[in-house]
2 protein chains.
Amino acid sequence: MSLMAPTQQVKRRATNQGAAVKEALAAEDTFRSAQDVYATLRANGEKIGLSTVYRHLQIFVDDGLADVIHKPDGESTYRLCGDASTTHHHHLVCRSCGKAVEIEGPAVETWADKVAAQNGFTDVNHTVEIFGLCATCAAA
Amino acid sequence: MSLMAPTQQVKRRATNQGAAVKEALAAEDTFRSAQDVYATLRANGEKIGLSTVYRHLQIFVDDGLADVIHKPDGESTYRLCGDASTTHHHHLVCRSCGKAVEIEGPAVETWADKVAAQNGFTDVNHTVEIFGLCATCAAA
DNA sequence: GTCTTATTGGGAATCATTCCCAGTATGGCA
DNA sequence: TGCCATACTGGGAATGATTCCCAATAAGAC
């Protein structure tokens, strides 16, 4: 989402908690809320605080390691994304299980820029999320 | 955004408060938060409660009179939209002043549907919002 | 090992939004 | 025109996610 220049890595220590959060996210290819990740970690016996989970999630986003999407109900959900920072992309998200598929739409990008320019808008970015029911959830 | 069948109007009374909220929204073509609308109304001497503002805003949305967009920070903002219910459209929003321009992108619609179908997703809908700085705000 | 300081976590604080419910006002009806 | 059933109102409590604060803890450099 950020339009800043590539975030330069700040000095950052390697901690168990940070690794745990990353692992939790890596375990599934779905968008998960901070609360959810926290619950999972605790249930897993991990010793970690909620604040810390939020902190790391935010760091991942800042570092371009994770994508965020805000569910319609306002909750923020996170997911690790391979080369998210290098490849701008969007998501097709299952509104039931959260499973997400990365999608690209070059046409959409150019369309967005064009429309913005035509209306005199600058410093533009956009959000495109497609919600639906994945095959699995639809069958259930 | 809803995929339901056109909401059938429930019996609904005409009240001063309801009218006031609608007027407040109609006064400007920008997306405004409930808190914002509430503050404006009160500042304007209107006798109305915060709950009531939220209530009417939600009603407008349900009735297809208004559009909602969730700002990246999670706050919900509302704006009256002429024939929103009949014409599916998106918005180009100024991230500074909230001013919004209605835009259409037939290509985006079909693209979204196609991508979803290819991935086995059903019951699909999507959100597309473009944020930027309008000419006025950019100049300031 | 020691020291500097980033990191942690738990509880308080914030904030938007929702809930609850007794009081109020609208619309229908006689 | 007056009355009644009930939709609407609003203030404060409740909720829930997220942020803040800060003393205790633990990386990592020398």
# chains A, B, ... in the order shown; residues from 1 in each chain; ligands from 1
>>> select_by_dssp(residues="chain B", states="alpha helix (DSSP H)", output="PyMOL selection string")
chain B and resi 16-26+34-43+50-62+106-118+135-139
>>> write_last_selection(atoms="C-alpha atoms", output="PDB file, in the first residue's frame")
ATOM      1  CA  ASN B  16     -36.508  14.728  11.520  1.00  0.00           C
ATOM      2  CA  GLN B  17     -33.371  12.894  12.458  1.00  0.00           C
ATOM      3  CA  GLY B  18     -33.456  10.725   9.407  1.00  0.00           C
ATOM      4  CA  ALA B  19     -33.897  13.749   7.209  1.00  0.00           C
ATOM      5  CA  ALA B  20     -31.118  15.572   8.990  1.00  0.00           C
ATOM      6  CA  VAL B  21     -28.654  12.776   8.394  1.00  0.00           C
ATOM      7  CA  LYS B  22     -29.574  12.589   4.759  1.00  0.00           C
ATOM      8  CA  GLU B  23     -29.210  16.322   4.380  1.00  0.00           C
ATOM      9  CA  ALA B  24     -25.828  16.301   6.025  1.00  0.00           C
ATOM     10  CA  LEU B  25     -24.671  13.691   3.562  1.00  0.00           C
ATOM     11  CA  ALA B  26     -26.256  15.431   0.618  1.00  0.00           C
ATOM     12  CA  ALA B  34     -20.475   8.574  11.084  1.00  0.00           C
ATOM     13  CA  GLN B  35     -18.556  10.455  13.737  1.00  0.00           C
ATOM     14  CA  ASP B  36     -18.001  13.285  11.334  1.00  0.00           C
ATOM     15  CA  VAL B  37     -21.642  13.514  10.357  1.00  0.00           C
ATOM     16  CA  TYR B  38     -22.640  13.385  13.987  1.00  0.00           C
ATOM     17  CA  ALA B  39     -20.252  16.195  14.920  1.00  0.00           C
ATOM     18  CA  THR B  40     -21.497  18.323  12.057  1.00  0.00           C
ATOM     19  CA  LEU B  41     -25.109  17.858  13.006  1.00  0.00           C
ATOM     20  CA  ARG B  42     -24.509  18.665  16.635  1.00  0.00           C
ATOM     21  CA  ALA B  43     -22.393  21.666  15.769  1.00  0.00           C
ATOM     22  CA  LEU B  50     -24.793   9.160  17.779  1.00  0.00           C
ATOM     23  CA  SER B  51     -26.669   5.880  17.699  1.00  0.00           C
ATOM     24  CA  THR B  52     -29.265   7.428  15.487  1.00  0.00           C
ATOM     25  CA  VAL B  53     -26.682   8.648  13.023  1.00  0.00           C
ATOM     26  CA  TYR B  54     -25.203   5.175  12.735  1.00  0.00           C
ATOM     27  CA  ARG B  55     -28.668   3.725  12.410  1.00  0.00           C
ATOM     28  CA  HIS B  56     -29.657   5.946   9.506  1.00  0.00           C
ATOM     29  CA  LEU B  57     -26.377   5.608   7.741  1.00  0.00           C
ATOM     30  CA  GLN B  58     -26.814   1.856   7.816  1.00  0.00           C
ATOM     31  CA  ILE B  59     -30.372   2.186   6.594  1.00  0.00           C
ATOM     32  CA  PHE B  60     -29.244   4.267   3.635  1.00  0.00           C
ATOM     33  CA  VAL B  61     -26.763   1.597   2.740  1.00  0.00           C
ATOM     34  CA  ASP B  62     -29.334  -1.151   3.055  1.00  0.00           C
ATOM     35  CA  PRO B 106     -16.828  -2.523 -17.221  1.00  0.00           C
ATOM     36  CA  ALA B 107     -13.586  -4.235 -18.062  1.00  0.00           C
ATOM     37  CA  VAL B 108     -12.765  -4.611 -14.413  1.00  0.00           C
ATOM     38  CA  GLU B 109     -16.110  -6.198 -13.697  1.00  0.00           C
ATOM     39  CA  THR B 110     -15.715  -8.856 -16.322  1.00  0.00           C
ATOM     40  CA  TRP B 111     -12.103  -9.413 -15.379  1.00  0.00           C
ATOM     41  CA  ALA B 112     -13.057  -9.981 -11.765  1.00  0.00           C
ATOM     42  CA  ASP B 113     -15.757 -12.425 -12.683  1.00  0.00           C
ATOM     43  CA  LYS B 114     -13.498 -14.298 -15.044  1.00  0.00           C
ATOM     44  CA  VAL B 115     -10.664 -14.623 -12.560  1.00  0.00           C
ATOM     45  CA  ALA B 116     -13.037 -15.808  -9.864  1.00  0.00           C
ATOM     46  CA  ALA B 117     -14.605 -18.375 -12.138  1.00  0.00           C
ATOM     47  CA  GLN B 118     -11.238 -19.678 -13.240  1.00  0.00           C
ATOM     48  CA  ALA B 135      -5.952  18.498  -7.789  1.00  0.00           C
ATOM     49  CA  THR B 136      -7.099  20.886  -5.087  1.00  0.00           C
ATOM     50  CA  CYS B 137      -5.431  19.070  -2.244  1.00  0.00           C
ATOM     51  CA  ALA B 138      -2.303  18.429  -4.256  1.00  0.00           C
ATOM     52  CA  ALA B 139      -1.953  22.170  -4.798  1.00  0.00           C
TER      53      ALA B 139
END
>>> select_by_dssp(residues="chain A", states="strand (DSSP E or B)", output="PyMOL selection string")
chain A and resi 30+32-33+66-70+76-80+90-94+99-103+122-133
>>> interface_residues(of="chain B", to="chain C", cutoff="8 Å", atoms="only C-alpha atoms (C1' of nucleotides)", output="ChimeraX atom specification")
/B:13-15,75
>>> write_last_selection(atoms="C-alpha atoms", output="PDB file, in the first residue's frame")
ATOM      1  CA  ARG B  13     -41.260   6.295   9.348  1.00  0.00           C
ATOM      2  CA  ALA B  14     -40.193   9.739   8.291  1.00  0.00           C
ATOM      3  CA  THR B  15     -38.387  11.495  11.109  1.00  0.00           C
ATOM      4  CA  GLU B  75     -13.132   3.772   9.594  1.00  0.00           C
TER       5      GLU B  75
END
>>> closest_atom_pairs(of="chain D", to="chain A", cutoff="12 Å", atoms="only C-alpha atoms (C1' of nucleotides)", output="CSV")
residue,atom,partner,partner_atom,distance
D:DG16,C1',A:Glu75,CA,9.9
D:DA17,C1',A:Glu75,CA,7.2
D:DT18,C1',A:Tyr54,CA,8.2
D:DT19,C1',A:Ser51,CA,8.5
D:DC20,C1',A:Ser51,CA,9.8
D:DC21,C1',A:Ser51,CA,11.6
D:DT25,C1',A:Thr15,CA,11.9
D:DA26,C1',A:Thr15,CA,8.9
D:DA27,C1',A:Arg13,CA,6.5
D:DG28,C1',A:Arg13,CA,8.2
>>> write_last_selection(atoms="C-alpha atoms (C1' of nucleotides)", output="mmCIF file, in the first residue's frame")
data_model
loop_
_atom_site.group_PDB
_atom_site.id
_atom_site.type_symbol
_atom_site.label_atom_id
_atom_site.label_comp_id
_atom_site.auth_asym_id
_atom_site.auth_seq_id
_atom_site.Cartn_x
_atom_site.Cartn_y
_atom_site.Cartn_z
ATOM 1 C "C1'" DG D 16 -13.864 -5.622 20.210
ATOM 2 C "C1'" DA D 17 -9.950 -4.524 17.745
ATOM 3 C "C1'" DT D 18 -5.887 -2.017 18.049
ATOM 4 C "C1'" DT D 19 -2.555 1.070 20.304
ATOM 5 C "C1'" DC D 20 -0.033 2.857 24.179
ATOM 6 C "C1'" DC D 21 2.961 2.727 28.208
ATOM 7 C "C1'" DT D 25 14.037 -9.151 29.584
ATOM 8 C "C1'" DA D 26 17.144 -10.801 26.258
ATOM 9 C "C1'" DA D 27 19.848 -10.155 21.611
ATOM 10 C "C1'" DG D 28 24.210 -9.038 19.837
#
>>> atom_distance(atom1="atom CA of Leu92 of chain B", atom2="atom CA of His126 of chain B")
15.3 Å
>>> atom_distance(atom1="atom CA of His88 of chain A", atom2="atom CA of Glu102 of chain B")
24.3 Å
>>> atom_distance(atom1="atom CA of Lys47 of chain A", atom2="atom CA of Arg32 of chain A")
19.2 Å
>>> interface_residues(of="chain A", to="chain B", cutoff="6 Å", atoms="only C-alpha atoms", output="ChimeraX atom specification")
/A:74,120-135
>>> write_last_selection(atoms="C-alpha atoms", output="mmCIF file, in the first residue's frame")
data_model
loop_
_atom_site.group_PDB
_atom_site.id
_atom_site.type_symbol
_atom_site.label_atom_id
_atom_site.label_comp_id
_atom_site.auth_asym_id
_atom_site.auth_seq_id
_atom_site.Cartn_x
_atom_site.Cartn_y
_atom_site.Cartn_z
ATOM 1 C CA GLY A 74 -13.183 -3.767 9.538
ATOM 2 C CA GLY A 120 -6.514 15.221 -11.941
ATOM 3 C CA PHE A 121 -5.629 12.907 -9.099
ATOM 4 C CA THR A 122 -2.013 12.265 -8.237
ATOM 5 C CA ASP A 123 -0.095 10.092 -5.824
ATOM 6 C CA VAL A 124 -2.471 7.291 -6.612
ATOM 7 C CA ASN A 125 -2.826 3.786 -5.311
ATOM 8 C CA HIS A 126 -5.710 1.404 -5.288
ATOM 9 C CA THR A 127 -7.232 -1.561 -3.587
ATOM 10 C CA VAL A 128 -8.804 -4.378 -5.504
ATOM 11 C CA GLU A 129 -10.042 -7.392 -3.648
ATOM 12 C CA ILE A 130 -12.365 -10.033 -4.929
ATOM 13 C CA PHE A 131 -14.390 -11.925 -2.365
ATOM 14 C CA GLY A 132 -16.236 -15.122 -3.027
ATOM 15 C CA LEU A 133 -16.727 -18.682 -1.892
ATOM 16 C CA CYS A 134 -13.993 -21.111 -2.805
ATOM 17 C CA ALA A 135 -15.006 -24.442 -4.298
#
>>> closest_residue(among="A:Leu80, A:Asp63, A:Lys11, A:Glu46", to="Glu28 of chain A", atoms="only C-alpha atoms")
A:Leu80
